[in-house]
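Structure below is data17.tsv: TSV, N, CA and C atoms.
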```
chain	number	residue	atom	x	y	z
E	1	GLN	N	0.85	-1.19	0.00
E	1	GLN	CA	0.00	0.00	0.00
E	1	GLN	C	0.89	1.24	0.00
E	2	VAL	N	0.59	2.14	-0.91
E	2	VAL	CA	1.36	3.38	-1.01
E	2	VAL	C	0.84	4.36	0.03
E	3	LEU	N	1.74	4.94	0.79
E	3	LEU	CA	1.38	5.92	1.80
E	3	LEU	C	2.18	7.20	1.60
E	4	LEU	N	1.51	8.33	1.77
E	4	LEU	CA	2.15	9.64	1.70
E	4	LEU	C	1.88	10.37	3.01
E	5	VAL	N	2.92	10.86	3.63
E	5	VAL	CA	2.76	11.56	4.90
E	5	VAL	C	3.42	12.93	4.79
E	6	GLU	N	2.61	13.98	4.86
E	6	GLU	CA	3.13	15.34	4.76
E	6	GLU	C	3.45	15.90	6.14
E	7	SER	N	4.35	16.87	6.14
E	7	SER	CA	4.66	17.63	7.34
E	7	SER	C	5.26	18.96	6.92
E	8	GLY	N	5.40	19.85	7.89
E	8	GLY	CA	6.07	21.12	7.63
E	8	GLY	C	5.18	22.33	7.54
E	9	GLY	N	3.88	22.12	7.58
E	9	GLY	CA	2.99	23.27	7.55
E	9	GLY	C	3.08	24.09	8.82
E	10	GLY	N	2.46	25.25	8.80
E	10	GLY	CA	2.46	26.11	9.97
E	10	GLY	C	1.90	27.48	9.64
E	11	SER	N	2.11	28.39	10.57
E	11	SER	CA	1.64	29.77	10.41
E	11	SER	C	2.84	30.70	10.30
E	12	VAL	N	2.82	31.53	9.27
E	12	VAL	CA	3.90	32.49	9.06
E	12	VAL	C	3.31	33.82	8.62
E	13	GLN	N	4.11	34.84	8.71
E	13	GLN	CA	3.70	36.14	8.20
E	13	GLN	C	4.06	36.24	6.73
E	14	ALA	N	3.37	37.13	6.06
E	14	ALA	CA	3.64	37.36	4.65
E	14	ALA	C	5.12	37.67	4.44
E	15	GLY	N	5.68	37.07	3.40
E	15	GLY	CA	7.10	37.23	3.13
E	15	GLY	C	7.95	36.12	3.73
E	16	GLY	N	7.36	35.33	4.59
E	16	GLY	CA	8.08	34.25	5.23
E	16	GLY	C	8.21	33.02	4.35
E	17	SER	N	8.84	31.98	4.91
E	17	SER	CA	9.10	30.75	4.17
E	17	SER	C	8.70	29.53	4.99
E	18	LEU	N	8.35	28.49	4.28
E	18	LEU	CA	8.10	27.18	4.87
E	18	LEU	C	8.59	26.12	3.90
E	19	ARG	N	8.96	24.97	4.44
E	19	ARG	CA	9.29	23.83	3.59
E	19	ARG	C	8.42	22.65	3.99
E	20	LEU	N	7.65	22.18	3.04
E	20	LEU	CA	6.82	21.02	3.25
E	20	LEU	C	7.57	19.76	2.82
E	21	SER	N	7.31	18.68	3.54
E	21	SER	CA	7.91	17.39	3.21
E	21	SER	C	6.81	16.35	3.02
E	22	CYS	N	7.09	15.40	2.16
E	22	CYS	CA	6.15	14.30	1.92
E	22	CYS	C	6.97	13.02	1.84
E	23	VAL	N	6.84	12.19	2.86
E	23	VAL	CA	7.56	10.93	2.89
E	23	VAL	C	6.71	9.86	2.23
E	24	VAL	N	7.31	9.14	1.30
E	24	VAL	CA	6.61	8.13	0.51
E	24	VAL	C	7.03	6.74	0.95
E	25	SER	N	6.07	5.86	1.09
E	25	SER	CA	6.39	4.47	1.40
E	25	SER	C	5.44	3.57	0.64
E	26	GLY	N	5.87	2.33	0.46
E	26	GLY	CA	4.99	1.35	-0.15
E	26	GLY	C	5.27	1.06	-1.61
E	27	TYR	N	6.20	1.83	-2.23
E	27	TYR	CA	6.59	1.48	-3.59
E	27	TYR	C	7.99	2.02	-3.85
E	28	THR	N	8.53	1.70	-5.00
E	28	THR	CA	9.94	1.95	-5.24
E	28	THR	C	10.28	3.41	-5.48
E	29	TYR	N	9.28	4.21	-5.76
E	29	TYR	CA	9.47	5.65	-5.97
E	29	TYR	C	10.21	5.98	-7.25
E	30	SER	N	10.62	4.99	-8.01
E	30	SER	CA	11.46	5.26	-9.17
E	30	SER	C	10.66	5.78	-10.36
E	31	SER	N	9.38	5.53	-10.40
E	31	SER	CA	8.61	5.96	-11.55
E	31	SER	C	7.22	6.41	-11.10
E	32	ALA	N	7.12	7.68	-10.85
E	32	ALA	CA	5.84	8.23	-10.41
E	32	ALA	C	5.81	9.72	-10.71
E	33	CYS	N	4.63	10.19	-10.97
E	33	CYS	CA	4.42	11.63	-11.06
E	33	CYS	C	4.01	12.07	-9.66
E	34	MET	N	4.79	12.97	-9.10
E	34	MET	CA	4.52	13.46	-7.75
E	34	MET	C	4.11	14.93	-7.83
E	35	GLY	N	3.17	15.28	-6.98
E	35	GLY	CA	2.71	16.66	-7.04
E	35	GLY	C	2.28	17.21	-5.70
E	36	TRP	N	2.24	18.52	-5.64
E	36	TRP	CA	1.67	19.24	-4.52
E	36	TRP	C	0.42	19.98	-5.01
E	37	PHE	N	-0.63	19.80	-4.25
E	37	PHE	CA	-1.88	20.49	-4.53
E	37	PHE	C	-2.30	21.23	-3.28
E	38	ARG	N	-3.21	22.17	-3.43
E	38	ARG	CA	-3.71	22.89	-2.26
E	38	ARG	C	-5.18	23.19	-2.44
E	39	ARG	N	-5.84	23.34	-1.28
E	39	ARG	CA	-7.26	23.72	-1.30
E	39	ARG	C	-7.49	24.75	-0.22
E	40	ALA	N	-7.91	25.92	-0.65
E	40	ALA	CA	-8.26	26.98	0.29
E	40	ALA	C	-9.75	26.89	0.62
E	41	PRO	N	-10.16	27.40	1.75
E	41	PRO	CA	-11.58	27.34	2.13
E	41	PRO	C	-12.46	27.96	1.05
E	42	GLY	N	-13.47	27.23	0.65
E	42	GLY	CA	-14.40	27.74	-0.35
E	42	GLY	C	-13.91	27.70	-1.77
E	43	LYS	N	-12.74	27.12	-1.99
E	43	LYS	CA	-12.19	27.07	-3.35
E	43	LYS	C	-11.93	25.63	-3.76
E	44	GLU	N	-11.77	25.43	-5.06
E	44	GLU	CA	-11.46	24.10	-5.56
E	44	GLU	C	-9.97	23.78	-5.36
E	45	ARG	N	-9.70	22.50	-5.39
E	45	ARG	CA	-8.32	22.05	-5.28
E	45	ARG	C	-7.51	22.58	-6.45
E	46	GLU	N	-6.30	23.04	-6.16
E	46	GLU	CA	-5.47	23.69	-7.16
E	46	GLU	C	-4.11	23.00	-7.23
E	47	GLY	N	-3.65	22.73	-8.44
E	47	GLY	CA	-2.32	22.18	-8.60
E	47	GLY	C	-1.27	23.25	-8.36
E	48	VAL	N	-0.25	22.91	-7.59
E	48	VAL	CA	0.81	23.86	-7.25
E	48	VAL	C	2.08	23.55	-8.04
E	49	ALA	N	2.52	22.29	-7.98
E	49	ALA	CA	3.76	21.89	-8.66
E	49	ALA	C	3.76	20.38	-8.85
E	50	VAL	N	4.37	19.94	-9.94
E	50	VAL	CA	4.52	18.50	-10.19
E	50	VAL	C	5.90	18.22	-10.75
E	51	LEU	N	6.36	17.00	-10.52
E	51	LEU	CA	7.57	16.53	-11.16
E	51	LEU	C	7.49	15.02	-11.30
E	52	TYR	N	8.29	14.50	-12.24
E	52	TYR	CA	8.37	13.07	-12.44
E	52	TYR	C	9.61	12.57	-11.73
E	53	THR	N	9.47	11.53	-10.90
E	53	THR	CA	10.58	11.08	-10.08
E	53	THR	C	11.76	10.59	-10.91
E	54	GLY	N	11.49	10.16	-12.13
E	54	GLY	CA	12.57	9.68	-12.99
E	54	GLY	C	13.16	10.74	-13.88
E	55	GLY	N	12.75	11.99	-13.71
E	55	GLY	CA	13.24	13.05	-14.56
E	55	GLY	C	13.72	14.24	-13.76
E	56	ALA	N	13.93	15.36	-14.41
E	56	ALA	CA	14.47	16.53	-13.75
E	56	ALA	C	13.59	17.76	-13.88
E	57	THR	N	12.61	17.71	-14.75
E	57	THR	CA	11.82	18.90	-15.01
E	57	THR	C	10.64	19.01	-14.05
E	58	ALA	N	10.46	20.19	-13.51
E	58	ALA	CA	9.34	20.47	-12.64
E	58	ALA	C	8.44	21.50	-13.30
E	59	TYR	N	7.18	21.44	-12.92
E	59	TYR	CA	6.21	22.36	-13.49
E	59	TYR	C	5.44	23.04	-12.37
E	60	TYR	N	5.13	24.31	-12.57
E	60	TYR	CA	4.52	25.10	-11.51
E	60	TYR	C	3.28	25.85	-12.00
E	61	ALA	N	2.38	26.06	-11.06
E	61	ALA	CA	1.28	26.96	-11.34
E	61	ALA	C	1.83	28.37	-11.46
E	62	ASP	N	1.22	29.17	-12.31
E	62	ASP	CA	1.69	30.54	-12.51
E	62	ASP	C	1.69	31.33	-11.21
E	63	SER	N	0.76	31.03	-10.33
E	63	SER	CA	0.62	31.79	-9.09
E	63	SER	C	1.78	31.59	-8.12
E	64	VAL	N	2.56	30.53	-8.31
E	64	VAL	CA	3.66	30.26	-7.38
E	64	VAL	C	5.02	30.26	-8.06
E	65	LYS	N	5.03	30.40	-9.37
E	65	LYS	CA	6.29	30.34	-10.11
E	65	LYS	C	7.24	31.43	-9.62
E	66	GLY	N	8.48	31.03	-9.38
E	66	GLY	CA	9.48	31.97	-8.88
E	66	GLY	C	9.53	32.06	-7.36
E	67	ARG	N	8.52	31.53	-6.70
E	67	ARG	CA	8.48	31.57	-5.23
E	67	ARG	C	8.58	30.18	-4.61
E	68	PHE	N	8.00	29.19	-5.27
E	68	PHE	CA	7.99	27.82	-4.75
E	68	PHE	C	8.92	26.95	-5.58
E	69	THR	N	9.52	25.95	-4.91
E	69	THR	CA	10.38	25.00	-5.59
E	69	THR	C	10.04	23.59	-5.13
E	70	ILE	N	9.73	22.72	-6.07
E	70	ILE	CA	9.49	21.31	-5.77
E	70	ILE	C	10.79	20.55	-6.01
E	71	SER	N	11.10	19.63	-5.11
E	71	SER	CA	12.32	18.85	-5.26
E	71	SER	C	12.11	17.50	-4.61
E	72	GLN	N	13.10	16.64	-4.78
E	72	GLN	CA	12.97	15.29	-4.24
E	72	GLN	C	14.31	14.77	-3.78
E	73	ASP	N	14.24	13.86	-2.85
E	73	ASP	CA	15.40	13.10	-2.40
E	73	ASP	C	15.04	11.64	-2.65
E	74	ASN	N	15.53	11.09	-3.74
E	74	ASN	CA	15.15	9.73	-4.11
E	74	ASN	C	15.59	8.72	-3.07
E	75	ALA	N	16.75	8.93	-2.52
E	75	ALA	CA	17.26	7.97	-1.53
E	75	ALA	C	16.38	7.94	-0.29
E	76	GLU	N	15.85	9.10	0.08
E	76	GLU	CA	14.99	9.18	1.26
E	76	GLU	C	13.51	9.03	0.90
E	77	LYS	N	13.23	8.91	-0.40
E	77	LYS	CA	11.83	8.80	-0.86
E	77	LYS	C	10.99	9.93	-0.28
E	78	THR	N	11.51	11.12	-0.44
E	78	THR	CA	10.84	12.29	0.12
E	78	THR	C	10.70	13.37	-0.93
E	79	LEU	N	9.53	13.94	-0.97
E	79	LEU	CA	9.23	15.06	-1.86
E	79	LEU	C	9.15	16.32	-1.02
E	80	TYR	N	9.68	17.41	-1.55
E	80	TYR	CA	9.68	18.67	-0.82
E	80	TYR	C	8.98	19.78	-1.60
E	81	LEU	N	8.51	20.75	-0.88
E	81	LEU	CA	8.02	21.98	-1.49
E	81	LEU	C	8.56	23.14	-0.67
E	82	GLN	N	9.55	23.83	-1.21
E	82	GLN	CA	10.10	25.02	-0.56
E	82	GLN	C	9.26	26.21	-0.99
E	83	MET	N	8.71	26.90	-0.02
E	83	MET	CA	7.82	28.02	-0.30
E	83	MET	C	8.43	29.29	0.28
E	84	ASN	N	8.79	30.20	-0.58
E	84	ASN	CA	9.38	31.49	-0.18
E	84	ASN	C	8.44	32.63	-0.53
E	85	ASN	N	8.68	33.76	0.12
E	85	ASN	CA	7.87	34.95	-0.13
E	85	ASN	C	6.38	34.61	-0.10
E	86	LEU	N	5.98	33.97	0.95
E	86	LEU	CA	4.59	33.53	1.07
E	86	LEU	C	3.64	34.72	1.15
E	87	LYS	N	2.47	34.52	0.58
E	87	LYS	CA	1.44	35.56	0.56
E	87	LYS	C	0.18	35.04	1.25
E	88	PRO	N	-0.66	35.93	1.74
E	88	PRO	CA	-1.90	35.48	2.39
E	88	PRO	C	-2.73	34.57	1.48
E	89	GLU	N	-2.69	34.80	0.19
E	89	GLU	CA	-3.46	33.97	-0.73
E	89	GLU	C	-2.89	32.57	-0.89
E	90	ASP	N	-1.73	32.30	-0.30
E	90	ASP	CA	-1.19	30.95	-0.28
E	90	ASP	C	-1.77	30.11	0.85
E	91	THR	N	-2.55	30.73	1.71
E	91	THR	CA	-3.17	30.00	2.81
E	91	THR	C	-4.09	28.90	2.29
E	92	ALA	N	-3.82	27.68	2.72
E	92	ALA	CA	-4.59	26.52	2.23
E	92	ALA	C	-4.11	25.27	2.94
E	93	MET	N	-4.85	24.20	2.74
E	93	MET	CA	-4.37	22.87	3.11
E	93	MET	C	-3.58	22.36	1.90
E	94	TYR	N	-2.36	21.92	2.16
E	94	TYR	CA	-1.50	21.44	1.10
E	94	TYR	C	-1.42	19.92	1.15
E	95	TYR	N	-1.56	19.31	-0.02
E	95	TYR	CA	-1.58	17.86	-0.14
E	95	TYR	C	-0.48	17.39	-1.10
E	96	CYS	N	0.13	16.30	-0.71
E	96	CYS	CA	1.06	15.59	-1.57
E	96	CYS	C	0.27	14.51	-2.31
E	97	ALA	N	0.60	14.29	-3.58
E	97	ALA	CA	-0.13	13.30	-4.36
E	97	ALA	C	0.82	12.54	-5.26
E	98	ALA	N	0.44	11.30	-5.57
E	98	ALA	CA	1.29	10.45	-6.41
E	98	ALA	C	0.46	9.75	-7.47
E	99	ARG	N	1.05	9.65	-8.63
E	99	ARG	CA	0.49	8.85	-9.72
E	99	ARG	C	1.57	7.87	-10.14
E	100	ILE	N	1.35	6.58	-9.84
E	100	ILE	CA	2.34	5.58	-10.17
E	100	ILE	C	2.25	5.29	-11.67
E	101	SER	N	3.34	5.62	-12.39
E	101	SER	CA	3.30	5.48	-13.84
E	101	SER	C	4.70	5.57	-14.40
E	102	ASN	N	4.92	4.87	-15.51
E	102	ASN	CA	6.19	5.00	-16.21
E	102	ASN	C	6.18	6.19	-17.16
E	103	ARG	N	5.04	6.84	-17.26
E	103	ARG	CA	4.89	7.97	-18.16
E	103	ARG	C	5.20	9.26	-17.41
E	104	ALA	N	6.07	10.06	-17.96
E	104	ALA	CA	6.41	11.32	-17.33
E	104	ALA	C	5.22	12.27	-17.33
E	105	CYS	N	5.15	13.09	-16.32
E	105	CYS	CA	4.06	14.05	-16.25
E	105	CYS	C	4.55	15.41	-16.73
E	106	ASP	N	3.58	16.25	-17.05
E	106	ASP	CA	3.93	17.59	-17.50
E	106	ASP	C	2.99	18.60	-16.86
E	107	LYS	N	3.04	19.83	-17.32
E	107	LYS	CA	2.28	20.89	-16.66
E	107	LYS	C	0.78	20.62	-16.69
E	108	ASP	N	0.31	19.90	-17.68
E	108	ASP	CA	-1.12	19.61	-17.77
E	108	ASP	C	-1.64	18.87	-16.55
E	109	TYR	N	-0.76	18.11	-15.90
E	109	TYR	CA	-1.19	17.34	-14.74
E	109	TYR	C	-1.61	18.25	-13.58
E	110	LEU	N	-1.15	19.48	-13.58
E	110	LEU	CA	-1.56	20.42	-12.52
E	110	LEU	C	-3.07	20.63	-12.52
E	111	GLY	N	-3.66	20.52	-13.68
E	111	GLY	CA	-5.09	20.77	-13.79
E	111	GLY	C	-5.97	19.56	-13.62
E	112	TYR	N	-5.36	18.40	-13.38
E	112	TYR	CA	-6.13	17.16	-13.29
E	112	TYR	C	-5.77	16.37	-12.04
E	113	PRO	N	-6.18	16.83	-10.88
E	113	PRO	CA	-5.88	16.10	-9.65
E	113	PRO	C	-6.46	14.69	-9.65
E	114	GLY	N	-7.49	14.46	-10.45
E	114	GLY	CA	-8.08	13.12	-10.52
E	114	GLY	C	-7.16	12.08	-11.11
E	115	LEU	N	-6.07	12.51	-11.77
E	115	LEU	CA	-5.10	11.57	-12.32
E	115	LEU	C	-4.22	10.95	-11.23
E	116	PHE	N	-4.23	11.57	-10.08
E	116	PHE	CA	-3.37	11.11	-8.99
E	116	PHE	C	-4.18	10.18	-8.08
E	117	GLY	N	-3.68	8.97	-7.92
E	117	GLY	CA	-4.44	7.96	-7.21
E	117	GLY	C	-4.18	7.89	-5.72
E	118	THR	N	-3.10	8.50	-5.28
E	118	THR	CA	-2.74	8.40	-3.87
E	118	THR	C	-2.50	9.79	-3.30
E	119	TRP	N	-3.08	10.03	-2.13
E	119	TRP	CA	-3.01	11.35	-1.51
E	119	TRP	C	-2.61	11.23	-0.05
E	120	GLY	N	-1.91	12.26	0.42
E	120	GLY	CA	-1.61	12.35	1.83
E	120	GLY	C	-2.77	12.98	2.58
E	121	GLN	N	-2.57	13.14	3.88
E	121	GLN	CA	-3.63	13.67	4.73
E	121	GLN	C	-3.69	15.19	4.72
E	122	GLY	N	-2.63	15.81	4.23
E	122	GLY	CA	-2.59	17.27	4.13
E	122	GLY	C	-1.89	17.92	5.30
E	123	THR	N	-1.37	19.10	5.05
E	123	THR	CA	-0.74	19.90	6.09
E	123	THR	C	-1.16	21.36	5.87
E	124	GLN	N	-1.55	22.02	6.93
E	124	GLN	CA	-2.12	23.36	6.83
E	124	GLN	C	-1.04	24.43	6.77
E	125	VAL	N	-1.19	25.34	5.84
E	125	VAL	CA	-0.31	26.51	5.74
E	125	VAL	C	-1.18	27.75	5.88
E	126	THR	N	-0.81	28.60	6.84
E	126	THR	CA	-1.55	29.83	7.07
E	126	THR	C	-0.59	31.01	7.01
E	127	VAL	N	-0.89	31.96	6.14
E	127	VAL	CA	-0.04	33.13	5.96
E	127	VAL	C	-0.83	34.37	6.34
E	128	SER	N	-0.32	35.10	7.30
E	128	SER	CA	-1.00	36.31	7.76
E	128	SER	C	-0.35	37.55	7.18
E	129	SER	N	-1.16	38.58	7.01
E	129	SER	CA	-0.65	39.82	6.40
E	129	SER	C	-0.07	40.75	7.44
```

If you convert what's in this file into structure tokens, what do you get?
Amino acid sequence: QVLLVESGGGSVQAGGSLRLSCVVSGYTYSSACMGWFRRAPGKEREGVAVLYTGGATAYYADSVKGRFTISQDNAEKTLYLQMNNLKPEDTAMYYCAARISNRACDKDYLGYPGLFGTWGQGTQVTVSS
């Protein structure tokens, strides 16, 4: 069974930084599309960033480009989301998601959370002005 466990959320002031972590267990991690999504109160789930574990290219939502960085540690089977220059509109529950596949993912996957079959429990990020 594939499990994703997020951590690293918290409360910060605007302009601050947080790093989210997602520890993966239950599969080899060598071939999967991994992503971070978020859902703010009253809004739909939004794709933040995705990358393919077997590749190097990451894709970002326009709203976070230049501020957020998705990365991975294959040896530790951990996905990260470094969030800098946080804004109040970044306040949301952040979820790690996985799609087990030999097919690389691209920016289009940000718009299709239904493609991801495994989700973590989420970690809350709150940014105050």

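Minimum atom-to-atom distance to Ala97 of chain E, evaluated using all atoms listed in the file, belongs to E:Gly120 out of E:Pro41, E:Ser128, E:Gly15, E:Gly120.
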
Exercise for the section: Please check which residues have atoms at most 6 Å from (-7.7, 21.6, -8.5) in the file's coordinates, counting all atoms listed in the file, and write them as a count of residues only. Expected result: 6

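Proximity ranking of E:Gly55, E:Gly9, E:Ser31, E:Tyr60 relative to Asp106 of chain E places E:Tyr60 first, based on all atoms listed in the file.
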
Handout entry: atom N of Leu79 of chain E to atom N of Ser17 of chain E, straight-line distance in Å
Key = 19.0 Å

Handout entry: Residue list as a ChimeraX atom specification for point (-4.7, 19.5, -0.7), cut-off 6.5 Å, only N, CA and C atoms
Key = /E:37-39,45,93-96,122

Fill in the blank from the handout: Atom pair atom N of Ala40 of chain E + atom C of Ala92 of chain E, distance 5.3 Å

Problem - strand (DSSP E) call set, DSSP backbone run, segment 3-128 of chain E, as a PyMOL selection string - result: chain E and resi 3-7+10-13+18-25+32-39+46-52+58-60+68-73+78-83+92-100+118-119+123-128

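Residue nearest Lys87 of chain E within the list E:Lys107, E:Arg67, E:Lys43, E:Arg19: E:Arg67 [criterion: smallest interatomic distance, only C-alpha atoms].
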
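Using only C-alpha atoms, the protein and nucleic acid residues lying no more than 9 Å from segment 69-72 of chain E, apart from those fewer than 6 places from it along its own chain, are Gly35, Trp36, Ala49, Val50, Leu51, Thr53, Ala58, Tyr59, Tyr60, Thr78, Leu79, Tyr80, Leu81, Gln82, Met83 and Asn84 of chain E.
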
Could I get segment 49-59 of chain E rebuilt with all heavy atoms, written as a compact mmCIF listing (two decimals), in the frame of the given file?
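Printed below is result35.txt as written:
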```txt
# COMPACT_ATOMS: atom_id res chain seq x y z
N ALA E 49 2.52 22.29 -7.98
CA ALA E 49 3.76 21.89 -8.66
C ALA E 49 3.76 20.38 -8.85
O ALA E 49 3.21 19.65 -8.01
CB ALA E 49 4.98 22.32 -7.86
N VAL E 50 4.37 19.94 -9.94
CA VAL E 50 4.52 18.50 -10.19
C VAL E 50 5.90 18.22 -10.75
O VAL E 50 6.53 19.10 -11.35
CB VAL E 50 3.47 17.96 -11.20
CG1 VAL E 50 2.06 18.07 -10.62
CG2 VAL E 50 3.57 18.64 -12.54
N LEU E 51 6.36 17.00 -10.52
CA LEU E 51 7.57 16.53 -11.16
C LEU E 51 7.49 15.02 -11.30
O LEU E 51 6.75 14.35 -10.58
CB LEU E 51 8.82 16.95 -10.40
CG LEU E 51 9.08 16.47 -8.96
CD1 LEU E 51 9.48 15.01 -8.89
CD2 LEU E 51 10.19 17.31 -8.34
N TYR E 52 8.29 14.50 -12.24
CA TYR E 52 8.37 13.07 -12.44
C TYR E 52 9.61 12.57 -11.73
O TYR E 52 10.70 13.13 -11.89
CB TYR E 52 8.45 12.75 -13.93
CG TYR E 52 8.45 11.27 -14.23
CD1 TYR E 52 7.34 10.48 -13.91
CD2 TYR E 52 9.55 10.66 -14.83
CE1 TYR E 52 7.34 9.12 -14.19
CE2 TYR E 52 9.55 9.31 -15.10
CZ TYR E 52 8.45 8.55 -14.77
OH TYR E 52 8.45 7.21 -15.03
N THR E 53 9.47 11.53 -10.90
CA THR E 53 10.58 11.08 -10.08
C THR E 53 11.76 10.59 -10.91
O THR E 53 12.89 10.59 -10.44
CB THR E 53 10.14 9.95 -9.14
OG1 THR E 53 9.61 8.87 -9.92
CG2 THR E 53 9.08 10.45 -8.17
N GLY E 54 11.49 10.16 -12.13
CA GLY E 54 12.57 9.68 -12.99
C GLY E 54 13.16 10.74 -13.88
O GLY E 54 14.02 10.44 -14.72
N GLY E 55 12.75 11.99 -13.71
CA GLY E 55 13.24 13.05 -14.56
C GLY E 55 13.72 14.24 -13.76
O GLY E 55 13.89 14.15 -12.54
N ALA E 56 13.93 15.36 -14.41
CA ALA E 56 14.47 16.53 -13.75
C ALA E 56 13.59 17.76 -13.88
O ALA E 56 13.82 18.75 -13.19
CB ALA E 56 15.86 16.85 -14.32
N THR E 57 12.61 17.71 -14.75
CA THR E 57 11.82 18.90 -15.01
C THR E 57 10.64 19.01 -14.05
O THR E 57 9.93 18.03 -13.81
CB THR E 57 11.29 18.88 -16.45
OG1 THR E 57 12.40 18.75 -17.35
CG2 THR E 57 10.55 20.16 -16.76
N ALA E 58 10.46 20.19 -13.51
CA ALA E 58 9.34 20.47 -12.64
C ALA E 58 8.44 21.50 -13.30
O ALA E 58 8.89 22.31 -14.12
CB ALA E 58 9.83 20.98 -11.28
N TYR E 59 7.18 21.44 -12.92
CA TYR E 59 6.21 22.36 -13.49
C TYR E 59 5.44 23.04 -12.37
O TYR E 59 5.14 22.40 -11.35
CB TYR E 59 5.24 21.62 -14.42
CG TYR E 59 5.93 20.90 -15.55
CD1 TYR E 59 6.36 19.59 -15.41
CD2 TYR E 59 6.19 21.55 -16.75
CE1 TYR E 59 7.01 18.93 -16.44
CE2 TYR E 59 6.84 20.90 -17.79
CZ TYR E 59 7.25 19.60 -17.62
OH TYR E 59 7.90 18.96 -18.65
```
